[in-house]
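Novice: My file is my_file_4.csv. It has CSV, C-alpha atoms:
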chain,number,residue,atom,x,y,z
A,1,MET,CA,-2.3,-32.4,12.0
A,2,ARG,CA,-0.4,-31.0,15.0
A,3,ARG,CA,-2.8,-29.5,17.5
A,4,PRO,CA,-2.0,-26.0,18.7
A,5,LYS,CA,-0.3,-25.7,22.1
A,6,LEU,CA,-2.4,-24.1,24.8
A,7,ARG,CA,-1.4,-23.6,28.3
A,8,ASP,CA,-2.6,-21.8,31.4
A,9,SER,CA,-0.5,-18.9,32.5
A,10,ASN,CA,-0.8,-16.4,35.3
A,11,ARG,CA,1.8,-14.2,33.8
A,12,LEU,CA,4.1,-14.0,30.8
A,13,MET,CA,7.8,-14.5,31.1
A,14,ASP,CA,9.8,-11.3,30.6
A,15,SER,CA,11.1,-12.8,27.3
A,16,CYS,CA,7.5,-13.6,26.3
A,17,TYR,CA,6.0,-17.0,25.5
A,18,GLY,CA,7.5,-19.4,22.9
A,19,ILE,CA,6.2,-18.9,19.4
A,20,GLY,CA,3.2,-21.3,18.8
A,21,ASP,CA,2.9,-21.8,22.6
A,22,ILE,CA,0.2,-19.3,23.2
A,23,PRO,CA,-1.3,-19.1,26.7
A,24,ILE,CA,-5.0,-19.6,27.0
A,25,ASP,CA,-5.4,-16.4,29.0
A,26,ILE,CA,-4.1,-14.3,26.0
A,27,ILE,CA,-6.8,-15.7,23.7
A,28,VAL,CA,-9.4,-15.0,26.3
A,29,LYS,CA,-8.2,-11.4,26.7
A,30,ILE,CA,-8.2,-11.0,22.9
A,31,GLY,CA,-11.8,-12.3,22.8
A,32,GLY,CA,-12.8,-9.9,25.6
A,33,SER,CA,-11.5,-6.9,23.8
A,34,ILE,CA,-13.3,-7.9,20.6
A,35,VAL,CA,-16.5,-8.4,22.7
A,36,PHE,CA,-16.1,-4.9,24.1
A,37,ILE,CA,-15.7,-3.4,20.6
A,38,ILE,CA,-18.9,-5.1,19.5
A,39,TYR,CA,-20.8,-4.1,22.6
A,40,THR,CA,-20.0,-0.4,21.9
A,41,GLY,CA,-21.6,-0.7,18.5
A,42,ARG,CA,-18.6,-1.2,16.3
A,43,LYS,CA,-19.0,-3.6,13.3
A,44,ASP,CA,-15.4,-4.2,12.5
A,45,ILE,CA,-11.9,-3.8,13.8
A,46,THR,CA,-9.0,-2.0,12.2
A,47,GLY,CA,-5.3,-2.8,12.2
A,48,GLU,CA,-4.8,-0.1,14.9
A,49,ASP,CA,-7.5,-1.8,17.0
A,50,TRP,CA,-5.7,-5.2,16.6
A,51,GLY,CA,-2.4,-3.6,17.7
A,52,ASP,CA,-4.2,-2.2,20.8
A,53,ILE,CA,-5.9,-5.5,21.5
A,54,PHE,CA,-2.8,-7.6,21.3
A,55,SER,CA,-0.6,-5.3,23.2
A,56,LYS,CA,-3.1,-5.2,26.1
A,57,ALA,CA,-3.5,-9.0,26.1
A,58,ILE,CA,0.3,-9.5,26.5
A,59,ASP,CA,0.9,-6.4,28.6
A,60,GLY,CA,3.1,-5.0,25.9
A,61,LYS,CA,3.5,-1.7,24.2
A,62,HIS,CA,1.8,-0.6,21.0
A,63,LEU,CA,4.2,1.8,19.3
A,64,ASN,CA,2.9,5.1,18.0
A,65,SER,CA,5.3,4.8,15.1
A,66,PRO,CA,6.5,1.4,13.9
A,67,LEU,CA,10.2,0.7,14.3
A,68,GLY,CA,11.1,-1.1,11.1
A,69,ILE,CA,8.1,-3.3,10.9
A,70,ALA,CA,7.6,-3.6,14.7
A,71,ASP,CA,4.1,-2.5,15.9
A,72,VAL,CA,4.0,-4.1,19.3
A,73,VAL,CA,6.9,-4.9,21.6
A,74,LYS,CA,7.4,-6.7,24.9
A,75,GLY,CA,10.8,-7.1,26.4
A,76,LYS,CA,13.1,-8.2,23.6
A,77,THR,CA,10.3,-9.5,21.3
A,78,ALA,CA,8.6,-7.5,18.6
A,79,TRP,CA,5.5,-8.1,16.5
A,80,SER,CA,4.2,-6.9,13.2
A,81,MET,CA,0.4,-7.0,13.7
A,82,LYS,CA,-1.8,-8.0,10.8
A,83,THR,CA,-5.6,-8.6,10.6
A,84,VAL,CA,-7.2,-10.1,7.5
A,85,LYS,CA,-10.9,-10.6,6.7
A,86,THR,CA,-12.1,-13.7,5.0
A,87,ALA,CA,-15.4,-15.6,4.6
A,88,HIS,CA,-14.3,-18.7,6.5
A,89,PRO,CA,-11.5,-18.1,9.0
A,90,LEU,CA,-11.7,-21.5,10.6
A,91,THR,CA,-11.0,-23.4,7.4
A,92,ALA,CA,-8.9,-20.9,5.4
A,93,LYS,CA,-5.5,-22.3,4.4
A,94,LYS,CA,-3.8,-19.1,3.1
A,95,VAL,CA,-4.0,-15.4,3.5
A,96,ARG,CA,-2.4,-12.4,1.9
A,97,LEU,CA,-0.8,-10.0,4.3
A,98,ILE,CA,-0.5,-6.3,3.3
A,99,SER,CA,3.1,-5.6,4.4
A,100,GLY,CA,3.6,-1.9,3.8
A,101,ARG,CA,4.7,0.2,0.9
A,102,CYS,CA,8.1,-0.5,-0.8
A,103,SER,CA,9.1,2.2,-3.2
A,104,PRO,CA,12.1,1.2,-5.3
A,105,ASP,CA,12.0,4.5,-7.2
A,106,TYR,CA,12.8,6.3,-3.9
A,107,SER,CA,15.2,3.8,-2.5
A,108,TYR,CA,16.9,2.6,-5.6
A,109,GLY,CA,16.2,5.3,-8.2
A,110,ILE,CA,14.1,2.9,-10.4
A,111,GLU,CA,12.0,5.3,-12.4
A,112,ASP,CA,10.3,2.7,-14.6
A,113,PRO,CA,9.4,-0.4,-12.6
A,114,HIS,CA,8.5,-2.3,-15.8
A,115,ALA,CA,11.8,-1.7,-17.6
A,116,ASP,CA,13.5,-4.5,-15.7
A,117,ILE,CA,10.9,-6.5,-13.8
A,118,GLN,CA,13.5,-8.8,-12.1
A,119,LYS,CA,15.6,-5.8,-10.9
A,120,THR,CA,12.5,-4.1,-9.6
A,121,GLY,CA,11.3,-7.2,-7.7
A,122,GLU,CA,14.7,-7.7,-6.2
A,123,ALA,CA,14.7,-4.1,-5.0
A,124,VAL,CA,11.3,-4.5,-3.4
A,125,LEU,CA,12.5,-7.5,-1.5
A,126,ALA,CA,15.7,-5.7,-0.5
A,127,ILE,CA,13.5,-2.9,1.0
A,128,TRP,CA,11.5,-5.5,3.0
A,129,ASN,CA,14.7,-7.2,4.2
A,130,SER,CA,16.1,-3.9,5.4
A,131,ARG,CA,13.0,-3.3,7.5
A,132,VAL,CA,13.4,-6.7,9.1
A,133,ASP,CA,17.0,-5.9,9.8
A,134,ILE,CA,16.1,-2.6,11.5
A,135,THR,CA,13.7,-4.5,13.8
A,136,LEU,CA,16.2,-7.2,14.6
A,137,ALA,CA,18.8,-4.6,15.4
A,138,HIS,CA,16.6,-3.5,18.4
A,139,TYR,CA,15.0,-6.8,19.4
A,140,ASN,CA,16.1,-10.4,19.8
A,141,ALA,CA,13.1,-11.8,17.9
A,142,ALA,CA,10.6,-10.5,15.4
A,143,ARG,CA,7.2,-12.1,14.8
A,144,VAL,CA,4.1,-11.4,12.8
A,145,GLY,CA,0.9,-11.8,14.7
A,146,VAL,CA,-2.1,-12.4,12.4
A,147,LEU,CA,-5.8,-12.3,13.3
A,148,VAL,CA,-8.0,-13.7,10.6
A,149,ARG,CA,-11.6,-12.6,11.1
A,150,ASP,CA,-15.0,-13.1,9.4
A,151,GLU,CA,-17.4,-10.4,8.3
A,152,SER,CA,-19.6,-10.8,11.4
A,153,LEU,CA,-16.7,-10.9,14.0
A,154,LYS,CA,-17.8,-14.3,15.3
A,155,GLU,CA,-15.1,-16.6,14.0
A,156,PHE,CA,-11.3,-16.1,14.2
A,157,THR,CA,-8.0,-17.8,13.6
A,158,PHE,CA,-4.8,-16.4,15.3
A,159,PHE,CA,-1.3,-17.4,14.4
A,160,GLU,CA,2.3,-16.2,14.7
A,161,GLU,CA,5.4,-16.8,12.6
A,162,TYR,CA,8.8,-15.3,12.7
A,163,LEU,CA,9.3,-12.4,10.3
A,164,GLU,CA,11.4,-13.7,7.5
A,165,HIS,CA,14.4,-12.3,5.8
A,166,TYR,CA,14.0,-13.5,2.2
A,167,ASN,CA,16.8,-14.8,0.0
A,168,ILE,CA,16.4,-12.5,-3.0
A,169,ALA,CA,18.0,-15.0,-5.4
A,170,ASN,CA,15.2,-17.6,-4.7
A,171,TYR,CA,12.5,-15.6,-6.5
A,172,ILE,CA,11.6,-15.0,-10.1
A,173,TRP,CA,9.5,-11.9,-10.9
A,174,GLU,CA,6.9,-11.5,-13.6
A,175,GLU,CA,4.1,-9.1,-14.5
A,176,ASN,CA,0.4,-10.1,-14.4
A,177,LYS,CA,-2.4,-8.9,-16.5
A,178,ASN,CA,-3.1,-6.1,-14.1
A,179,GLY,CA,0.4,-4.7,-14.4
A,180,ASN,CA,1.4,-5.8,-10.9
A,181,LEU,CA,4.6,-7.6,-10.2
A,182,ILE,CA,4.4,-11.2,-8.9
A,183,GLY,CA,7.2,-12.9,-7.0
A,184,VAL,CA,7.4,-16.7,-7.6
A,185,GLU,CA,9.5,-19.0,-5.6
A,186,GLU,CA,11.8,-20.6,-8.2
A,187,LYS,CA,12.0,-24.0,-6.5
A,188,SER,CA,8.3,-24.6,-5.9
A,189,GLY,CA,6.8,-22.4,-8.6
A,190,LEU,CA,4.4,-21.0,-6.0
A,191,LYS,CA,3.5,-17.3,-5.9
A,192,LYS,CA,4.8,-15.6,-2.8
A,193,PHE,CA,4.7,-11.8,-3.3
A,194,THR,CA,2.6,-9.2,-5.1
A,195,TRP,CA,3.9,-5.6,-5.6
A,196,GLN,CA,1.6,-2.9,-7.1
A,197,PRO,CA,3.5,-0.2,-9.0
A,198,HIS,CA,0.7,2.2,-8.4
A,199,GLY,CA,1.0,3.0,-4.7
A,200,SER,CA,3.9,0.6,-4.1
A,201,GLN,CA,1.8,-1.8,-1.9
A,202,PHE,CA,3.6,-5.0,-1.1
A,203,THR,CA,1.8,-8.2,0.0
A,204,ILE,CA,3.0,-11.5,1.1
A,205,ASP,CA,1.1,-14.8,0.6
A,206,CYS,CA,1.2,-16.7,3.9
A,207,GLU,CA,0.0,-20.3,4.6
A,208,ILE,CA,-1.9,-20.6,7.9
A,209,PRO,CA,0.1,-23.0,10.0
A,210,SER,CA,-1.3,-26.2,11.6
A,211,ASN,CA,-0.7,-24.8,15.1
A,212,SER,CA,-2.9,-21.8,14.6
A,213,ILE,CA,-5.5,-21.0,17.3
A,214,LYS,CA,-9.1,-21.1,16.1
A,215,PHE,CA,-11.8,-19.6,18.2
A,216,LYS,CA,-15.4,-18.2,18.3
A,217,ILE,CA,-16.8,-15.5,20.4
A,218,LYS,CA,-20.3,-15.0,21.7
A,219,HIS,CA,-21.8,-11.6,20.7
A,220,PRO,CA,-23.2,-9.4,23.6
A,221,GLU,CA,-26.4,-7.6,23.3
A,222,LYS,CA,-25.6,-4.2,22.0
A,223,ILE,CA,-26.2,-1.2,24.2
A,224,SER,CA,-28.2,1.5,22.6
A,225,GLU,CA,-27.2,5.2,22.4
A,226,ASP,CA,-30.1,6.2,24.6
A,227,ASP,CA,-29.0,3.6,27.3
A,228,ILE,CA,-25.5,5.0,27.3
A,229,LEU,CA,-26.7,8.6,27.6
A,230,ASP,CA,-29.0,7.6,30.4
A,231,HIS,CA,-26.2,5.8,32.2
A,232,LEU,CA,-24.0,8.9,31.9
A,233,GLY,CA,-26.8,11.1,33.2
A,234,TYR,CA,-26.7,13.2,30.0
A,235,ASN,CA,-28.8,16.3,29.9
A,236,ARG,CA,-28.9,19.7,28.3
A,237,GLU,CA,-26.4,21.0,30.8
A,238,TRP,CA,-23.7,18.9,29.1
A,239,VAL,CA,-24.0,21.2,26.0
A,240,GLU,CA,-22.8,24.8,26.3
A,241,ILE,CA,-24.2,27.0,23.6
A,242,LEU,CA,-21.7,29.7,22.6
What would you get if you wrote out this structure as structure tokens?

Specialist:
Amino acid sequence: MRRPKLRDSNRLMDSCYGIGDIPIDIIVKIGGSIVFIIYTGRKDITGEDWGDIFSKAIDGKHLNSPLGIADVVKGKTAWSMKTVKTAHPLTAKKVRLISGRCSPDYSYGIEDPHADIQKTGEAVLAIWNSRVDITLAHYNAARVGVLVRDESLKEFTFFEEYLEHYNIANYIWEENKNGNLIGVEEKSGLKKFTWQPHGSQFTIDCEIPSNSIKFKIKHPEKISEDDILDHLGYNREWVEIL
């Protein structure tokens, strides 16, 4: 198995680091932000938290409104940020990434998604591809940055991959027992996509690459509410009764 590349770096290049060549200091900064969140009493992190954490670690910008599927940008590189919870992040082999809502009824006028399952699936992938195209129209490279976390926020796996523009002809679509549409790669027979007609949620099955970064963090002692208020010098004068 190929070991992940780690290197010391005092700063990032303007074009950012090479994919899979993640500087040690970025992982340390990510860990520090998670420690801070735990210290303030939080028990989990959200997708928005993850965007903030990563953009701060690379000195990038977390967009208020995603451009295509770009959440964080630095120079000419963009990232779609995803965080997934699983029981064992250090040994997990595959994750499912929630990748937005694709509505073929709105974009392609498909009123009954079950009438022609293959046509609906192809429309869903076309919507995804168009979002990748929008991102690549503004940036030279588009990546997905995935943080896999456990329930206790102690163990993590981080990896990046280039956002993929999928060949629509390579996938066969079928319906599962729950009424969801499943996209299967024709050549391998492996499931790759799930699309839920109710809500139009689109998910992508993603194998965790061998060059992913696995790390653990030490939990700080949580500060109590009373300690915080004492530190701030809180008293009744902070409250104005109207």

Novice: What lies within 9 Å of Gly60 of chain A using all atoms listed in the file, ignoring chain neighbours under 2 positions off, as a list in words?

Specialist: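 Counting only the stated atoms, we get Phe54, Ser55, Lys56, Ala57, Ile58, His62, Val72, Val73, Lys74 and Gly75 of chain A.
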
Novice: Show me a table, sorted first by chain and then by increasing residue number, of the residues of segment 23-46 of chain A having an atom at most 8 Å from segment 216-219 of chain A, each with its shortest atom pair and the distance in Å to one decimal, counting all atoms listed in the file and written as CSV.

Specialist:
residue,atom,partner,partner_atom,distance
A:Gly31,CA,A:Ile217,CA,6.4
A:Val35,CA,A:His219,CA,6.5
A:Ile38,CA,A:His219,CA,7.2
A:Tyr39,CA,A:His219,CA,7.8

Novice: Save out the residues we just selected, C-alpha atoms, as a short mmCIF file (atom, residue, chain, number, x, y, z; two decimals), keeping the file's coordinate frame.

Specialist:
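New file out-v4.cif:
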data_model
loop_
_atom_site.label_atom_id
_atom_site.label_comp_id
_atom_site.auth_asym_id
_atom_site.auth_seq_id
_atom_site.Cartn_x
_atom_site.Cartn_y
_atom_site.Cartn_z
CA GLY A 31 -11.80 -12.30 22.80
CA VAL A 35 -16.50 -8.40 22.70
CA ILE A 38 -18.90 -5.10 19.50
CA TYR A 39 -20.80 -4.10 22.60
#

Novice: I'd like the neighbourhood of Lys43 of chain A as an MDAnalysis selection string, where a residue qualifies if any of its atoms comes within 9 Å (using only C-alpha atoms), though same-chain residues fewer than 3 positions away should be ignored.

Specialist: chainID A and resid 37:38 151:153

Novice: Just want the 12 Å neighbourhood of Ile69 of chain A, counted on all atoms listed in the file, with same-chain residues fewer than 5 positions away dropped. Output as a list in words.

Specialist: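 The contact residues come out as Leu63, Ala78, Trp79, Ser80, Met81, Lys82, Ile98, Ser99, Gly100, Arg101, Ile127, Trp128, Asn129, Ser130, Arg131, Val132, Asp133, Ile134, Thr135, Leu136, Ala137, His138, Tyr139, Ala142, Arg143, Val144, Gly145, Leu163 and Glu164 of chain A.
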
Novice: May I have the residues within 9 Å of Gly179 of chain A as a PyMOL selection string, using all atoms listed in the file and disregarding those fewer than 3 positions away in the same chain?

Specialist: chain A and resi 114+175-176+196-197

Novice: Would you please work out which residue, of A:Ile45, A:Cys16, A:Leu147, A:Ile223, is nearest to Arg96 of chain A when using all atoms listed in the file?

Specialist: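 Among the listed residues, the smallest separation from Arg96 of chain A belongs to A:Leu147.
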
Novice: State, in Å with one decimal place, the distance from atom CA of Ile24 of chain A to atom CA of Tyr162 of chain A.

Specialist: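 Computing it gives 20.3 Å between the two atoms.
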
Novice: Using all atoms listed in the file, pick whichever of A:Gly233, A:Asn167, A:Phe158, A:Glu240 has the shortest atom-to-atom distance to Ile22 of chain A.

Specialist: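 Nearest candidate to Ile22 of chain A out of A:Gly233, A:Asn167, A:Phe158, A:Glu240: A:Phe158.
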
Novice: Counting only C-alpha atoms, find the residues whose atoms lie at most 9 Å from (9.7, 1.1, -9.7) (file coordinates) and write them out as a ChimeraX atom specification.

Specialist: /A:103-106,108-115,117,120-121,123-124,197,200

Novice: For segment 34-139 of chain A versus segment 204-213 of chain A, which residues have an atom no more than 6 Å away, and what is each residue's nearest atom pair and distance in Å rounded to one decimal, using all atoms listed in the file, chain-then-number order, as a tab-separated table?

Specialist:
residue	atom	partner	partner_atom	distance
A:Lys93	CA	A:Ile208	CA	5.3
A:Lys94	CA	A:Glu207	CA	4.3
A:Val95	CA	A:Cys206	CA	5.4
A:Arg96	CA	A:Asp205	CA	4.4
A:Leu97	CA	A:Ile204	CA	5.2

Novice: Counting all atoms listed in the file, which residue out of A:Tyr166, A:Asp59, A:Glu48, A:Gly68 sits closest to Lys29 of chain A?

Specialist: A:Asp59

Novice: Can you pull out every residue within 8 Å of Ile182 of chain A, counting all atoms listed in the file, but drop anything in the same chain fewer than 3 positions away, and send it as a PyMOL selection string?

Specialist: chain A and resi 173-176+191-195

Novice: Please determine, counting all atoms listed in the file, which residue among A:Ile34, A:Lys177, A:Pro89, A:Ala169 has the shortest atom-to-atom distance to Ala126 of chain A.

Specialist: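 Among the listed residues, the smallest separation from Ala126 of chain A belongs to A:Ala169.
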
Novice: Hey, can you check how far atom CA of Ile168 of chain A sits from atom CA of Ala141 of chain A?

Specialist: 21.2 Å

Novice: Quote the spacing between atom CA of Gly32 of chain A and atom CA of Phe159 of chain A in Å to one decimal place.

Specialist: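 Atom CA of Gly32 of chain A sits 17.7 Å away from atom CA of Phe159 of chain A.
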
Novice: Filtering to C-alpha atoms, could segment 95-215 of chain A of the supplied structure be written out as an mmCIF file, in the first residue's frame?

Specialist:
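Final output, saved to decode_3.cif:
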data_model
loop_
_atom_site.group_PDB
_atom_site.id
_atom_site.type_symbol
_atom_site.label_atom_id
_atom_site.label_comp_id
_atom_site.auth_asym_id
_atom_site.auth_seq_id
_atom_site.Cartn_x
_atom_site.Cartn_y
_atom_site.Cartn_z
ATOM 1 C CA VAL A 95 -17.976 6.281 2.018
ATOM 2 C CA ARG A 96 -21.122 7.751 0.487
ATOM 3 C CA LEU A 97 -20.894 11.453 -0.241
ATOM 4 C CA ILE A 98 -24.071 13.529 -0.258
ATOM 5 C CA SER A 99 -23.515 15.593 -3.375
ATOM 6 C CA GLY A 100 -26.447 17.978 -3.525
ATOM 7 C CA ARG A 101 -29.899 17.871 -5.041
ATOM 8 C CA CYS A 102 -30.353 17.087 -8.715
ATOM 9 C CA SER A 103 -33.899 17.772 -9.932
ATOM 10 C CA PRO A 104 -34.533 16.401 -13.439
ATOM 11 C CA ASP A 105 -38.132 17.565 -13.268
ATOM 12 C CA TYR A 106 -36.929 21.169 -13.043
ATOM 13 C CA SER A 107 -33.970 20.899 -15.427
ATOM 14 C CA TYR A 108 -35.307 18.375 -17.971
ATOM 15 C CA GLY A 109 -39.073 18.434 -17.519
ATOM 16 C CA ILE A 110 -39.215 14.827 -16.283
ATOM 17 C CA GLU A 111 -42.474 14.699 -14.354
ATOM 18 C CA ASP A 112 -42.456 10.970 -13.536
ATOM 19 C CA PRO A 113 -38.908 9.831 -12.677
ATOM 20 C CA HIS A 114 -39.998 6.169 -12.702
ATOM 21 C CA ALA A 115 -41.450 6.226 -16.233
ATOM 22 C CA ASP A 116 -38.016 5.862 -17.854
ATOM 23 C CA ILE A 117 -35.438 5.072 -15.183
ATOM 24 C CA GLN A 118 -32.475 5.162 -17.542
ATOM 25 C CA LYS A 119 -33.488 8.566 -18.910
ATOM 26 C CA THR A 120 -33.941 9.938 -15.390
ATOM 27 C CA GLY A 121 -30.556 8.633 -14.241
ATOM 28 C CA GLU A 122 -28.825 10.110 -17.255
ATOM 29 C CA ALA A 123 -30.482 13.460 -16.544
ATOM 30 C CA VAL A 124 -29.281 13.350 -12.930
ATOM 31 C CA LEU A 125 -25.687 12.749 -14.061
ATOM 32 C CA ALA A 126 -25.991 15.504 -16.661
ATOM 33 C CA ILE A 127 -26.974 17.942 -13.904
ATOM 34 C CA TRP A 128 -23.956 16.872 -11.840
ATOM 35 C CA ASN A 129 -21.641 17.242 -14.839
ATOM 36 C CA SER A 130 -22.953 20.741 -15.518
ATOM 37 C CA ARG A 131 -22.061 21.766 -11.952
ATOM 38 C CA VAL A 132 -18.538 20.448 -12.414
ATOM 39 C CA ASP A 133 -18.337 22.401 -15.687
ATOM 40 C CA ILE A 134 -19.415 25.621 -13.940
ATOM 41 C CA THR A 135 -16.662 25.168 -11.372
ATOM 42 C CA LEU A 136 -13.995 24.379 -13.986
ATOM 43 C CA ALA A 137 -15.029 27.436 -15.982
ATOM 44 C CA HIS A 138 -13.737 29.555 -13.082
ATOM 45 C CA TYR A 139 -10.895 27.420 -11.669
ATOM 46 C CA ASN A 140 -8.063 25.384 -13.147
ATOM 47 C CA ALA A 141 -8.663 22.432 -10.829
ATOM 48 C CA ALA A 142 -11.594 21.185 -8.768
ATOM 49 C CA ARG A 143 -11.193 18.730 -5.904
ATOM 50 C CA VAL A 144 -13.371 17.146 -3.273
ATOM 51 C CA GLY A 145 -11.960 17.342 0.266
ATOM 52 C CA VAL A 146 -13.421 14.632 2.504
ATOM 53 C CA LEU A 147 -13.138 14.382 6.277
ATOM 54 C CA VAL A 148 -14.300 11.033 7.652
ATOM 55 C CA ARG A 149 -14.964 11.291 11.385
ATOM 56 C CA ASP A 150 -16.128 9.004 14.167
ATOM 57 C CA GLU A 151 -18.910 9.617 16.674
ATOM 58 C CA SER A 152 -16.534 10.825 19.382
ATOM 59 C CA LEU A 153 -14.439 13.142 17.168
ATOM 60 C CA LYS A 154 -11.239 11.306 18.051
ATOM 61 C CA GLU A 155 -10.361 9.454 14.851
ATOM 62 C CA PHE A 156 -10.275 10.890 11.341
ATOM 63 C CA THR A 157 -9.362 10.143 7.759
ATOM 64 C CA PHE A 158 -8.813 12.966 5.285
ATOM 65 C CA PHE A 159 -8.481 12.573 1.541
ATOM 66 C CA GLU A 160 -8.824 14.495 -1.685
ATOM 67 C CA GLU A 161 -9.766 13.504 -5.199
ATOM 68 C CA TYR A 162 -10.393 15.452 -8.358
ATOM 69 C CA LEU A 163 -14.066 16.156 -8.964
ATOM 70 C CA GLU A 164 -15.090 13.875 -11.764
ATOM 71 C CA HIS A 165 -17.049 14.566 -14.917
ATOM 72 C CA TYR A 166 -18.807 11.218 -15.453
ATOM 73 C CA ASN A 167 -19.369 9.551 -18.810
ATOM 74 C CA ILE A 168 -23.146 9.130 -18.807
ATOM 75 C CA ALA A 169 -23.023 6.183 -21.215
ATOM 76 C CA ASN A 170 -20.981 4.104 -18.740
ATOM 77 C CA TYR A 171 -23.794 3.663 -16.193
ATOM 78 C CA ILE A 172 -26.923 1.538 -16.042
ATOM 79 C CA TRP A 173 -29.772 2.755 -13.853
ATOM 80 C CA GLU A 174 -32.191 0.577 -11.905
ATOM 81 C CA GLU A 175 -34.703 1.001 -9.103
ATOM 82 C CA ASN A 176 -34.179 -0.513 -5.649
ATOM 83 C CA LYS A 177 -36.807 -1.756 -3.202
ATOM 84 C CA ASN A 178 -37.054 1.693 -1.600
ATOM 85 C CA GLY A 179 -37.950 3.345 -4.889
ATOM 86 C CA ASN A 180 -34.559 5.041 -5.209
ATOM 87 C CA LEU A 181 -32.596 5.009 -8.452
ATOM 88 C CA ILE A 182 -29.222 3.266 -8.403
ATOM 89 C CA GLY A 183 -26.467 3.989 -10.921
ATOM 90 C CA VAL A 184 -24.259 0.952 -11.635
ATOM 91 C CA GLU A 185 -21.033 1.081 -13.613
ATOM 92 C CA GLU A 186 -21.670 -1.165 -16.589
ATOM 93 C CA LYS A 187 -18.098 -2.463 -16.888
ATOM 94 C CA SER A 188 -17.505 -3.392 -13.218
ATOM 95 C CA GLY A 189 -21.077 -3.965 -12.041
ATOM 96 C CA LEU A 190 -20.380 -1.817 -8.972
ATOM 97 C CA LYS A 191 -22.911 0.632 -7.584
ATOM 98 C CA LYS A 192 -21.701 4.213 -7.906
ATOM 99 C CA PHE A 193 -24.696 6.541 -7.445
ATOM 100 C CA THR A 194 -27.962 6.769 -5.554
ATOM 101 C CA TRP A 195 -30.691 9.264 -6.389
ATOM 102 C CA GLN A 196 -33.782 9.712 -4.234
ATOM 103 C CA PRO A 197 -36.878 10.888 -6.140
ATOM 104 C CA HIS A 198 -38.303 12.292 -2.902
ATOM 105 C CA GLY A 199 -36.093 15.313 -2.257
ATOM 106 C CA SER A 200 -33.831 14.688 -5.291
ATOM 107 C CA GLN A 201 -30.808 13.926 -3.099
ATOM 108 C CA PHE A 202 -27.824 12.615 -5.075
ATOM 109 C CA THR A 203 -25.054 10.555 -3.438
ATOM 110 C CA ILE A 204 -21.795 9.205 -4.836
ATOM 111 C CA ASP A 205 -20.076 6.051 -3.555
ATOM 112 C CA CYS A 206 -16.395 6.832 -3.102
ATOM 113 C CA GLU A 207 -13.528 4.472 -2.269
ATOM 114 C CA ILE A 208 -11.077 5.884 0.254
ATOM 115 C CA PRO A 209 -7.696 6.073 -1.536
ATOM 116 C CA SER A 210 -4.517 4.505 -0.205
ATOM 117 C CA ASN A 211 -2.854 7.921 0.153
ATOM 118 C CA SER A 212 -5.485 9.197 2.597
ATOM 119 C CA ILE A 213 -4.261 10.797 5.813
ATOM 120 C CA LYS A 214 -5.330 9.064 9.012
ATOM 121 C CA PHE A 215 -4.977 10.877 12.319
#
